[in-house]
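Colleague: Just passing along the structure, written as structure tokens.
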Amino acid sequence: MSKSGFFNSSIGRKFAMALSALFLMIFLLQHLTINFTAVFSPETFNELSHFMGTNVVVQFIAQPILIFAVVFHFIMGFILEARNRAARPISYKRNSGGANSSWMSRNMIYSGLVILAFLVLHFIDFWIPEINYKYIEMNAADPNRYYSELLHKFENPYRVIAYIVAFILLALHLLHGFGSAFQSIGQNNKYIDGLKKFGVIYSIVIPLGFIITAVVLYMNAH
Amino acid sequence: MNLTLKIWRQKNSNSKGKMVDYPISDISPDMSFLEMLDVLNNQLIEKGEEPVAFDHDCREGICGMCSLYINGEAHGPDRGVTTCQLHMRKFKDGDTIYIEPFRAKAFPVVKDLAVDRSAFDRIQHAGGYISVNTSGNTQDANSLPVQKEHADRAFDAATCIGCGACVASCKNSSAMLYVSAKISQYALLPQGKVEAEERVQSMVNQMDAEGFGNCSNTGACEVECPKGISLENIARMNREYFKAKASTKD
Ligand code: HEM
Ligand code: SF4
Ligand code: FES
């Protein structure tokens with residue numbers, strides 16, 4: 001493999017961007033599956049969360065890969081954005097972007113930034129308290145704490161609203177991103193139309209699932 | 001028709017440039033856009049002013065020399081046509097029309113609306129050919145069977161006229177549609193396969209070196225391309241590039 005230059009080339013960068021994004025999209029599916037159990041069975045949610053929170057493979061292999069993928073994705077997003085801006089130093093006085101492309105496709109950096117802001121909040125809400133509980137305060141594992149902690153977070157209506165806004169932006173990000181990722185890895189073939197239709201469903205159903213979970217938890221908390 | 005033109009005027013590649021308003025009257029809806037500019041230039045010359053510089057050659061939609069970013073779109077609001085094939089009937093009496101040069105770091109303005117697109121030539125020089133001396137050695141066309149579907153796709157890719165509308169329309173000034181068309185037209189045919197790996201690497205390297213942006217797959221290029229070059233070509237170029245990188249040893 002001639003790696004020299006691959007990840008420094010325009011095509012290589014987009015390939016890496018797409019791979020990190022595909023990984024994140026699989027992760028979202030898994031994350032939603034677990035969250036959604038909280039809607040109908042707090043016991044199942046506790047069980048699954050306990051497993052995810054204590055399993056060595058999940059904690060020390062999957063989690064670092066996930067963190068790497070997220071960080072890689074947004075840093076590469078910034079790099080691409082900076083290079084793309086530099087490629088047109090003088091902009092048009094009049095530009096009809098809407099005549100030939102979707103709003104989502106032209107504003108990935110902005111939908112991405114909202115998702116990033118959400119991720120910061122999400123880390124402060126859940127990840128940091130988890131790390132603190134398990135690895136700093138060294139508390140004993142309690143398989144029944146997860147649902148009540150979750151419910152407690154969603155008491156606050158502002159947090160629920162922030163989550164909903166972020167998920168709407170995630171849907172917009174994915175409405176372009178899903179199909180785009182396949183194009184980036186060179187898969188524009190006879191399956192692409194079907195794949196893009198599936199992408200639209202995915203991009204709406206996944207964020208909607210997260211929104212429903214947040215709203216139901218808010219109602220259960222009151 | 002009476003129109004107000006807002007045209008980018010720039011003395012030379014070093015000067016700053018600005019938009020200048022030109023009212024123009026008695027334009028026939030059957031004129032082409034370039035004929036309308038000819039009328040304007042005649043009036044400017046009569047007044048002793050500097051005419052507006054713009055590129056053109058064949059004026060029949062085949063050479064790729066005309067350009068212009070008209071009302072926010074490369075080659076104007078019509079689809080599947082170059083500026084020389086755009087007609088004034090696409091506009092309404094009283095319209096204000098913005099006319100700007102194609103914008104990209106890799107396409108510097110030479111004067112007014114004329115830009116230097118030689119970056120495309122350098123990409124082409126980097127690998128857009130097959131190293132076979134065909135003069136006098138042309139072999140029988142039927143001796144190399146080519147699948148119909150491949151022949152058609154190669155032909156479609158080969159219709160790219162190198163106008164640069166894809167770069168101008170792309171929010172990232174990416175040249176991927178152009179380069180992918182040039183790569184595909186060879187990659188799909190047996191004659192082109194021999195050098196396919198070196199070709200895709202050299203052409204992509206040159207494209208990056210010229211300062212074009214990355215592809216965000218917005219699809220604007222495909223919509224604005226006067227020859228309907230498909231995004232499929234970009235996916236094919238990406239695949240060709242991965243294949244080449246995976247098999248070449250350094
Ligand atoms: C779970 C979170 C996220 C998912 C599932 C996701 C998914 C995707 C997908 C599928 C693509 C298309 C990849 C391609 O065109 O090859 C993409 C592109 C992009 N993402 Fe994300 N993304 C996420 C978070 C973020 C964040 C936090 C940012 C921060 C800035 C971001 C910025 C971008 C940008 C700028 C692009 C466009 C790159 C380009 O085409 O030039 N994304 N994302
Ligand atoms: S791909 Fe289309 S828009 Fe781009 S240079 Fe070729 S003909 Fe012009
Ligand atoms: S002048 Fe030749 S294509 Fe327009």
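Following the order of the structure tokens, chains are lettered A, B, ..., residues in each are numbered from 1, and ligands are numbered from 1.
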Please return as a PyMOL selection string the residues found within 8 Å of ligand 1, counting only C-alpha atoms and all ligand atoms.

Modeller: (chain A and resi 14-25+27-28+70-71+73-78+80-81+84+105+107-117+119+170+173-174+176-185) or (chain B and resi 214-217)

Colleague: List every residue of chain B that has an atom at most 9 Å from any atom of chain A, and for each one report the closest atom pair and its distance in Å to one decimal, counting only C-alpha atoms, with rows sorted by chain and then by increasing residue number, as JSON lines.

Modeller:
{"residue": "B:Met19", "atom": "CA", "partner": "A:Lys93", "partner_atom": "CA", "distance": 8.5}
{"residue": "B:Tyr69", "atom": "CA", "partner": "A:Tyr92", "partner_atom": "CA", "distance": 8.5}
{"residue": "B:Ile70", "atom": "CA", "partner": "A:Arg94", "partner_atom": "CA", "distance": 8.5}
{"residue": "B:Asn71", "atom": "CA", "partner": "A:Arg94", "partner_atom": "CA", "distance": 6.2}
{"residue": "B:Gly72", "atom": "CA", "partner": "A:Asn95", "partner_atom": "CA", "distance": 3.7}
{"residue": "B:Glu73", "atom": "CA", "partner": "A:Ser96", "partner_atom": "CA", "distance": 6.1}
{"residue": "B:Pro77", "atom": "CA", "partner": "A:Ala99", "partner_atom": "CA", "distance": 8.5}
{"residue": "B:Tyr98", "atom": "CA", "partner": "A:Arg94", "partner_atom": "CA", "distance": 6.9}
{"residue": "B:Ile99", "atom": "CA", "partner": "A:Arg94", "partner_atom": "CA", "distance": 8.8}
{"residue": "B:Glu100", "atom": "CA", "partner": "A:Tyr92", "partner_atom": "CA", "distance": 7.3}
{"residue": "B:Pro101", "atom": "CA", "partner": "A:Tyr92", "partner_atom": "CA", "distance": 8.6}
{"residue": "B:Phe102", "atom": "CA", "partner": "A:Tyr92", "partner_atom": "CA", "distance": 8.7}
{"residue": "B:Arg103", "atom": "CA", "partner": "A:Arg88", "partner_atom": "CA", "distance": 6.4}
{"residue": "B:Ala104", "atom": "CA", "partner": "A:Arg88", "partner_atom": "CA", "distance": 4.6}
{"residue": "B:Lys105", "atom": "CA", "partner": "A:Ala87", "partner_atom": "CA", "distance": 5.1}
{"residue": "B:Ala106", "atom": "CA", "partner": "A:Ala87", "partner_atom": "CA", "distance": 7.3}
{"residue": "B:Ser169", "atom": "CA", "partner": "A:Gly97", "partner_atom": "CA", "distance": 8.1}
{"residue": "B:Cys170", "atom": "CA", "partner": "A:Gly97", "partner_atom": "CA", "distance": 8.9}
{"residue": "B:Lys171", "atom": "CA", "partner": "A:Arg106", "partner_atom": "CA", "distance": 7.3}
{"residue": "B:Asn172", "atom": "CA", "partner": "A:Asn84", "partner_atom": "CA", "distance": 4.5}
{"residue": "B:Ser173", "atom": "CA", "partner": "A:Ala87", "partner_atom": "CA", "distance": 5.8}
{"residue": "B:Ser174", "atom": "CA", "partner": "A:Ala87", "partner_atom": "CA", "distance": 7.9}
{"residue": "B:Val204", "atom": "CA", "partner": "A:Ser9", "partner_atom": "CA", "distance": 7.8}
{"residue": "B:Asn205", "atom": "CA", "partner": "A:Ser9", "partner_atom": "CA", "distance": 7.2}
{"residue": "B:Met207", "atom": "CA", "partner": "A:Ser10", "partner_atom": "CA", "distance": 8.9}
{"residue": "B:Asp208", "atom": "CA", "partner": "A:Ser10", "partner_atom": "CA", "distance": 6.6}
{"residue": "B:Gly211", "atom": "CA", "partner": "A:Ala87", "partner_atom": "CA", "distance": 6.0}
{"residue": "B:Phe212", "atom": "CA", "partner": "A:Ala87", "partner_atom": "CA", "distance": 5.5}
{"residue": "B:Gly213", "atom": "CA", "partner": "A:Asn84", "partner_atom": "CA", "distance": 4.7}
{"residue": "B:Asn214", "atom": "CA", "partner": "A:Ser10", "partner_atom": "CA", "distance": 5.4}
{"residue": "B:Cys215", "atom": "CA", "partner": "A:Lys14", "partner_atom": "CA", "distance": 7.6}
{"residue": "B:Ser216", "atom": "CA", "partner": "A:Ser105", "partner_atom": "CA", "distance": 7.2}
{"residue": "B:Asn217", "atom": "CA", "partner": "A:Ser180", "partner_atom": "CA", "distance": 5.8}
{"residue": "B:Thr218", "atom": "CA", "partner": "A:Ser105", "partner_atom": "CA", "distance": 5.1}
{"residue": "B:Gly219", "atom": "CA", "partner": "A:Ser101", "partner_atom": "CA", "distance": 6.1}
{"residue": "B:Ala220", "atom": "CA", "partner": "A:Asn100", "partner_atom": "CA", "distance": 4.7}
{"residue": "B:Cys221", "atom": "CA", "partner": "A:Asn100", "partner_atom": "CA", "distance": 7.9}
{"residue": "B:Glu222", "atom": "CA", "partner": "A:Asn100", "partner_atom": "CA", "distance": 8.4}
{"residue": "B:Val223", "atom": "CA", "partner": "A:Asn100", "partner_atom": "CA", "distance": 5.7}
{"residue": "B:Glu224", "atom": "CA", "partner": "A:Asn100", "partner_atom": "CA", "distance": 7.0}
{"residue": "B:Leu231", "atom": "CA", "partner": "A:Asn188", "partner_atom": "CA", "distance": 8.0}
{"residue": "B:Glu232", "atom": "CA", "partner": "A:Asn188", "partner_atom": "CA", "distance": 5.7}
{"residue": "B:Asn233", "atom": "CA", "partner": "A:Asn188", "partner_atom": "CA", "distance": 8.7}
{"residue": "B:Ile234", "atom": "CA", "partner": "A:Gly186", "partner_atom": "CA", "distance": 7.5}
{"residue": "B:Ala235", "atom": "CA", "partner": "A:Gly186", "partner_atom": "CA", "distance": 4.0}
{"residue": "B:Arg236", "atom": "CA", "partner": "A:Gly186", "partner_atom": "CA", "distance": 6.0}
{"residue": "B:Met237", "atom": "CA", "partner": "A:Gly186", "partner_atom": "CA", "distance": 7.5}
{"residue": "B:Asn238", "atom": "CA", "partner": "A:Gly186", "partner_atom": "CA", "distance": 5.2}
{"residue": "B:Arg239", "atom": "CA", "partner": "A:Gly186", "partner_atom": "CA", "distance": 5.0}
{"residue": "B:Glu240", "atom": "CA", "partner": "A:Gly186", "partner_atom": "CA", "distance": 8.6}
{"residue": "B:Tyr241", "atom": "CA", "partner": "A:Ile11", "partner_atom": "CA", "distance": 7.7}
{"residue": "B:Phe242", "atom": "CA", "partner": "A:Gly12", "partner_atom": "CA", "distance": 8.1}
{"residue": "B:Ala244", "atom": "CA", "partner": "A:Ser2", "partner_atom": "CA", "distance": 8.4}
{"residue": "B:Lys245", "atom": "CA", "partner": "A:Ser2", "partner_atom": "CA", "distance": 5.2}
{"residue": "B:Ala246", "atom": "CA", "partner": "A:Met1", "partner_atom": "CA", "distance": 4.4}
{"residue": "B:Ser247", "atom": "CA", "partner": "A:Met1", "partner_atom": "CA", "distance": 5.7}
{"residue": "B:Thr248", "atom": "CA", "partner": "A:Ser2", "partner_atom": "CA", "distance": 5.5}
{"residue": "B:Lys249", "atom": "CA", "partner": "A:Ser2", "partner_atom": "CA", "distance": 5.1}
{"residue": "B:Asp250", "atom": "CA", "partner": "A:Ser2", "partner_atom": "CA", "distance": 5.4}

Colleague: Could you give me the residues within 6 Å of ligand 3, counting only C-alpha atoms and all ligand atoms, as a PyMOL selection string?

Modeller: chain B and resi 56-66+82-84

Colleague: Atom CA of Lys134 of chain A to atom CA of His222 of chain A: how many Å, to one decimal?

Modeller: 28.4 Å

Colleague: Per residue of chain B within 7 Å of ligand 2, which atom pair is closest and at what distance in Å (one decimal), using only C-alpha atoms and all ligand atoms, listed by chain and increasing number, as CSV?

Modeller:
residue,atom,partner,partner_atom_place_in_ligand_line,distance
B:Gly64,CA,ligand 2,8 (Fe),6.8
B:Thr159,CA,ligand 2,7 (S),7.0
B:Cys160,CA,ligand 2,6 (Fe),3.8
B:Ile161,CA,ligand 2,7 (S),4.4
B:Gly162,CA,ligand 2,5 (S),3.5
B:Cys163,CA,ligand 2,8 (Fe),3.9
B:Gly164,CA,ligand 2,5 (S),4.0
B:Ala165,CA,ligand 2,3 (S),4.0
B:Cys166,CA,ligand 2,3 (S),4.0
B:Val167,CA,ligand 2,4 (Fe),6.7
B:Leu177,CA,ligand 2,1 (S),4.9
B:Tyr178,CA,ligand 2,1 (S),4.0
B:Ala181,CA,ligand 2,1 (S),6.3
B:Cys221,CA,ligand 2,3 (S),6.2
B:Glu224,CA,ligand 2,3 (S),6.5
B:Cys225,CA,ligand 2,3 (S),3.7
B:Pro226,CA,ligand 2,7 (S),5.7
B:Lys227,CA,ligand 2,7 (S),5.1
B:Gly228,CA,ligand 2,2 (Fe),6.4
B:Ile229,CA,ligand 2,1 (S),5.4

Colleague: Create the file for the chosen residues now, containing N, CA, C and O atoms and written as a compact mmCIF listing (two decimals), in the first residue's frame.

Modeller:
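Result went into part13.txt, see below:
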# COMPACT_ATOMS: atom_id res chain seq x y z
N GLY B 64 -15.90 24.97 -24.90
CA GLY B 64 -15.69 25.12 -23.46
C GLY B 64 -14.96 26.40 -23.10
O GLY B 64 -14.52 26.58 -21.96
N THR B 159 -17.44 13.70 -23.14
CA THR B 159 -18.10 14.90 -23.67
C THR B 159 -17.76 16.15 -22.85
O THR B 159 -18.14 17.25 -23.23
N CYS B 160 -17.06 15.97 -21.73
CA CYS B 160 -16.64 17.14 -20.94
C CYS B 160 -15.81 18.08 -21.81
O CYS B 160 -14.86 17.66 -22.46
N ILE B 161 -16.19 19.37 -21.82
CA ILE B 161 -15.48 20.33 -22.66
C ILE B 161 -14.50 21.18 -21.85
O ILE B 161 -13.95 22.15 -22.37
N GLY B 162 -14.31 20.83 -20.59
CA GLY B 162 -13.30 21.53 -19.79
C GLY B 162 -13.60 23.00 -19.56
O GLY B 162 -12.69 23.82 -19.48
N CYS B 163 -14.88 23.34 -19.40
CA CYS B 163 -15.24 24.75 -19.26
C CYS B 163 -14.96 25.28 -17.86
O CYS B 163 -14.74 26.47 -17.67
N GLY B 164 -15.02 24.40 -16.86
CA GLY B 164 -14.77 24.85 -15.49
C GLY B 164 -16.00 25.29 -14.73
O GLY B 164 -15.90 25.80 -13.61
N ALA B 165 -17.19 25.08 -15.31
CA ALA B 165 -18.42 25.47 -14.60
C ALA B 165 -18.57 24.67 -13.31
O ALA B 165 -19.14 25.16 -12.33
N CYS B 166 -18.05 23.44 -13.32
CA CYS B 166 -18.14 22.61 -12.12
C CYS B 166 -17.37 23.27 -10.98
O CYS B 166 -17.86 23.34 -9.85
N VAL B 167 -16.18 23.76 -11.27
CA VAL B 167 -15.36 24.43 -10.25
C VAL B 167 -16.06 25.70 -9.78
O VAL B 167 -16.17 25.96 -8.58
N LEU B 177 -15.32 16.98 -10.60
CA LEU B 177 -16.15 16.51 -11.71
C LEU B 177 -15.33 16.48 -13.00
O LEU B 177 -15.34 15.50 -13.74
N TYR B 178 -14.61 17.55 -13.25
CA TYR B 178 -13.76 17.62 -14.44
C TYR B 178 -12.74 16.49 -14.44
O TYR B 178 -12.63 15.71 -15.38
N ALA B 181 -14.13 13.06 -14.92
CA ALA B 181 -14.56 12.78 -16.29
C ALA B 181 -13.35 12.38 -17.12
O ALA B 181 -13.39 11.41 -17.90
N CYS B 221 -22.15 20.76 -9.13
CA CYS B 221 -21.41 20.65 -10.40
C CYS B 221 -22.23 19.92 -11.46
O CYS B 221 -22.33 20.34 -12.61
N GLU B 224 -25.02 22.06 -12.81
CA GLU B 224 -24.60 23.19 -13.64
C GLU B 224 -23.78 22.80 -14.86
O GLU B 224 -23.57 23.61 -15.76
N CYS B 225 -23.30 21.56 -14.90
CA CYS B 225 -22.44 21.14 -16.02
C CYS B 225 -23.21 21.21 -17.34
O CYS B 225 -24.26 20.61 -17.48
N PRO B 226 -22.69 21.93 -18.33
CA PRO B 226 -23.42 22.03 -19.60
C PRO B 226 -23.49 20.70 -20.35
O PRO B 226 -24.31 20.54 -21.25
N LYS B 227 -22.64 19.76 -19.98
CA LYS B 227 -22.62 18.48 -20.70
C LYS B 227 -23.22 17.34 -19.88
O LYS B 227 -23.11 16.18 -20.27
N GLY B 228 -23.81 17.65 -18.74
CA GLY B 228 -24.46 16.61 -17.94
C GLY B 228 -23.53 15.52 -17.46
O GLY B 228 -23.93 14.36 -17.32
N ILE B 229 -22.28 15.87 -17.17
CA ILE B 229 -21.34 14.88 -16.63
C ILE B 229 -21.86 14.43 -15.25
O ILE B 229 -22.23 15.25 -14.42

Colleague: Report the residues of segment 40-92 of chain A whose backbone DSSP state falls under alpha helix (DSSP H), written as JSON, numbers by chain.

Modeller: {"A": [40, 42, 43, 44, 45, 46, 47, 48, 49, 50, 51, 52, 53, 54, 56, 57, 63, 64, 65, 66, 67, 68, 69, 70, 71, 72, 73, 74, 75, 76, 77, 78, 79, 80, 81, 82, 83, 84, 85, 86]}

Colleague: For those residues, write N, CA, C and O atoms to a file as a short mmCIF file (atom, residue, chain, number, x, y, z; two decimals), in the first residue's frame.

Modeller:
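Written output follows (again.cif):
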data_model
loop_
_atom_site.label_atom_id
_atom_site.label_comp_id
_atom_site.auth_asym_id
_atom_site.auth_seq_id
_atom_site.Cartn_x
_atom_site.Cartn_y
_atom_site.Cartn_z
N PHE A 40 -39.81 1.91 27.50
CA PHE A 40 -40.80 0.91 27.89
C PHE A 40 -40.35 -0.03 29.00
O PHE A 40 -41.18 -0.67 29.63
N PRO A 42 -37.57 0.21 32.16
CA PRO A 42 -36.42 0.69 32.93
C PRO A 42 -35.50 -0.44 33.36
O PRO A 42 -34.28 -0.26 33.46
N GLU A 43 -36.06 -1.65 33.59
CA GLU A 43 -35.22 -2.78 34.03
C GLU A 43 -34.24 -3.15 32.93
O GLU A 43 -33.04 -3.33 33.18
N THR A 44 -34.78 -3.28 31.70
CA THR A 44 -33.90 -3.62 30.57
C THR A 44 -32.84 -2.54 30.41
O THR A 44 -31.66 -2.83 30.16
N PHE A 45 -33.27 -1.29 30.52
CA PHE A 45 -32.31 -0.19 30.38
C PHE A 45 -31.19 -0.30 31.41
O PHE A 45 -30.02 -0.16 31.08
N ASN A 46 -31.57 -0.58 32.64
CA ASN A 46 -30.56 -0.75 33.69
C ASN A 46 -29.60 -1.89 33.37
O ASN A 46 -28.38 -1.75 33.50
N GLU A 47 -30.17 -3.00 32.92
CA GLU A 47 -29.33 -4.16 32.61
C GLU A 47 -28.32 -3.84 31.52
O GLU A 47 -27.12 -4.11 31.66
N LEU A 48 -28.85 -3.27 30.44
CA LEU A 48 -27.97 -2.96 29.30
C LEU A 48 -26.92 -1.93 29.68
O LEU A 48 -25.75 -2.05 29.33
N SER A 49 -27.34 -0.91 30.43
CA SER A 49 -26.39 0.14 30.82
C SER A 49 -25.31 -0.43 31.73
O SER A 49 -24.13 -0.07 31.61
N HIS A 50 -25.73 -1.33 32.61
CA HIS A 50 -24.77 -1.94 33.52
C HIS A 50 -23.74 -2.74 32.72
O HIS A 50 -22.53 -2.65 32.97
N PHE A 51 -24.25 -3.48 31.72
CA PHE A 51 -23.35 -4.25 30.87
C PHE A 51 -22.36 -3.33 30.14
O PHE A 51 -21.15 -3.54 30.18
N MET A 52 -22.91 -2.27 29.50
CA MET A 52 -22.05 -1.36 28.73
C MET A 52 -21.05 -0.67 29.64
O MET A 52 -19.91 -0.40 29.26
N GLY A 53 -21.49 -0.36 30.86
CA GLY A 53 -20.65 0.41 31.77
C GLY A 53 -19.57 -0.42 32.44
O GLY A 53 -18.62 0.14 33.01
N THR A 54 -19.72 -1.73 32.42
CA THR A 54 -18.75 -2.56 33.15
C THR A 54 -17.98 -3.53 32.27
O THR A 54 -16.94 -4.03 32.66
N VAL A 56 -15.43 -5.01 29.87
CA VAL A 56 -14.07 -4.55 29.59
C VAL A 56 -13.89 -4.19 28.12
O VAL A 56 -13.27 -3.17 27.78
N VAL A 57 -14.45 -5.02 27.24
CA VAL A 57 -14.30 -4.76 25.80
C VAL A 57 -14.96 -3.42 25.44
O VAL A 57 -14.38 -2.58 24.74
N GLN A 63 -15.01 2.02 23.48
CA GLN A 63 -15.14 3.43 23.86
C GLN A 63 -14.00 4.31 23.35
O GLN A 63 -14.25 5.37 22.77
N PRO A 64 -12.72 3.86 23.51
CA PRO A 64 -11.64 4.67 22.93
C PRO A 64 -11.77 4.80 21.41
O PRO A 64 -11.50 5.88 20.86
N ILE A 65 -12.19 3.74 20.71
CA ILE A 65 -12.34 3.84 19.25
C ILE A 65 -13.40 4.88 18.93
O ILE A 65 -13.24 5.72 18.04
N LEU A 66 -14.49 4.85 19.69
CA LEU A 66 -15.58 5.81 19.46
C LEU A 66 -15.09 7.24 19.67
O LEU A 66 -15.34 8.12 18.84
N ILE A 67 -14.37 7.45 20.77
CA ILE A 67 -13.89 8.81 21.05
C ILE A 67 -12.95 9.26 19.94
O ILE A 67 -13.03 10.38 19.44
N PHE A 68 -12.09 8.34 19.51
CA PHE A 68 -11.18 8.68 18.42
C PHE A 68 -11.98 9.06 17.16
O PHE A 68 -11.69 10.06 16.51
N ALA A 69 -13.01 8.26 16.84
CA ALA A 69 -13.79 8.51 15.62
C ALA A 69 -14.46 9.88 15.67
O ALA A 69 -14.45 10.63 14.69
N VAL A 70 -15.02 10.23 16.84
CA VAL A 70 -15.71 11.52 16.96
C VAL A 70 -14.71 12.66 16.79
O VAL A 70 -14.91 13.58 16.00
N VAL A 71 -13.58 12.56 17.53
CA VAL A 71 -12.60 13.63 17.48
C VAL A 71 -12.02 13.74 16.07
O VAL A 71 -11.90 14.83 15.50
N PHE A 72 -11.70 12.59 15.49
CA PHE A 72 -11.17 12.58 14.12
C PHE A 72 -12.15 13.25 13.17
O PHE A 72 -11.77 14.09 12.36
N HIS A 73 -13.44 12.87 13.29
CA HIS A 73 -14.45 13.38 12.36
C HIS A 73 -14.55 14.90 12.42
O HIS A 73 -14.56 15.57 11.39
N PHE A 74 -14.60 15.46 13.64
CA PHE A 74 -14.79 16.92 13.62
C PHE A 74 -13.51 17.67 13.31
O PHE A 74 -13.55 18.71 12.66
N ILE A 75 -12.36 17.10 13.69
CA ILE A 75 -11.12 17.79 13.33
C ILE A 75 -10.94 17.76 11.82
O ILE A 75 -10.62 18.77 11.18
N MET A 76 -11.19 16.60 11.21
CA MET A 76 -11.10 16.51 9.75
C MET A 76 -12.12 17.45 9.10
O MET A 76 -11.84 18.07 8.08
N GLY A 77 -13.30 17.56 9.73
CA GLY A 77 -14.32 18.49 9.22
C GLY A 77 -13.79 19.92 9.19
O GLY A 77 -13.97 20.63 8.21
N PHE A 78 -13.07 20.31 10.26
CA PHE A 78 -12.50 21.67 10.29
C PHE A 78 -11.41 21.83 9.23
O PHE A 78 -11.31 22.87 8.58
N ILE A 79 -10.59 20.79 9.09
CA ILE A 79 -9.50 20.87 8.09
C ILE A 79 -10.09 21.05 6.69
O ILE A 79 -9.67 21.92 5.93
N LEU A 80 -11.08 20.22 6.38
CA LEU A 80 -11.69 20.30 5.04
C LEU A 80 -12.32 21.67 4.82
O LEU A 80 -12.14 22.30 3.78
N GLU A 81 -13.03 22.14 5.85
CA GLU A 81 -13.70 23.43 5.73
C GLU A 81 -12.68 24.55 5.47
O GLU A 81 -12.88 25.39 4.60
N ALA A 82 -11.56 24.51 6.21
CA ALA A 82 -10.54 25.55 6.04
C ALA A 82 -9.96 25.50 4.63
O ALA A 82 -9.78 26.52 3.97
N ARG A 83 -9.68 24.29 4.14
CA ARG A 83 -9.10 24.17 2.79
C ARG A 83 -10.10 24.60 1.73
O ARG A 83 -9.74 25.23 0.74
N ASN A 84 -11.36 24.23 1.95
CA ASN A 84 -12.36 24.58 0.95
C ASN A 84 -12.58 26.09 0.88
O ASN A 84 -12.78 26.64 -0.19
N ARG A 85 -12.51 26.73 2.04
CA ARG A 85 -12.65 28.19 2.02
C ARG A 85 -11.47 28.83 1.31
O ARG A 85 -11.64 29.79 0.55
N ALA A 86 -10.29 28.28 1.55
CA ALA A 86 -9.08 28.84 0.94
C ALA A 86 -9.10 28.68 -0.58
O ALA A 86 -8.45 29.42 -1.30
#
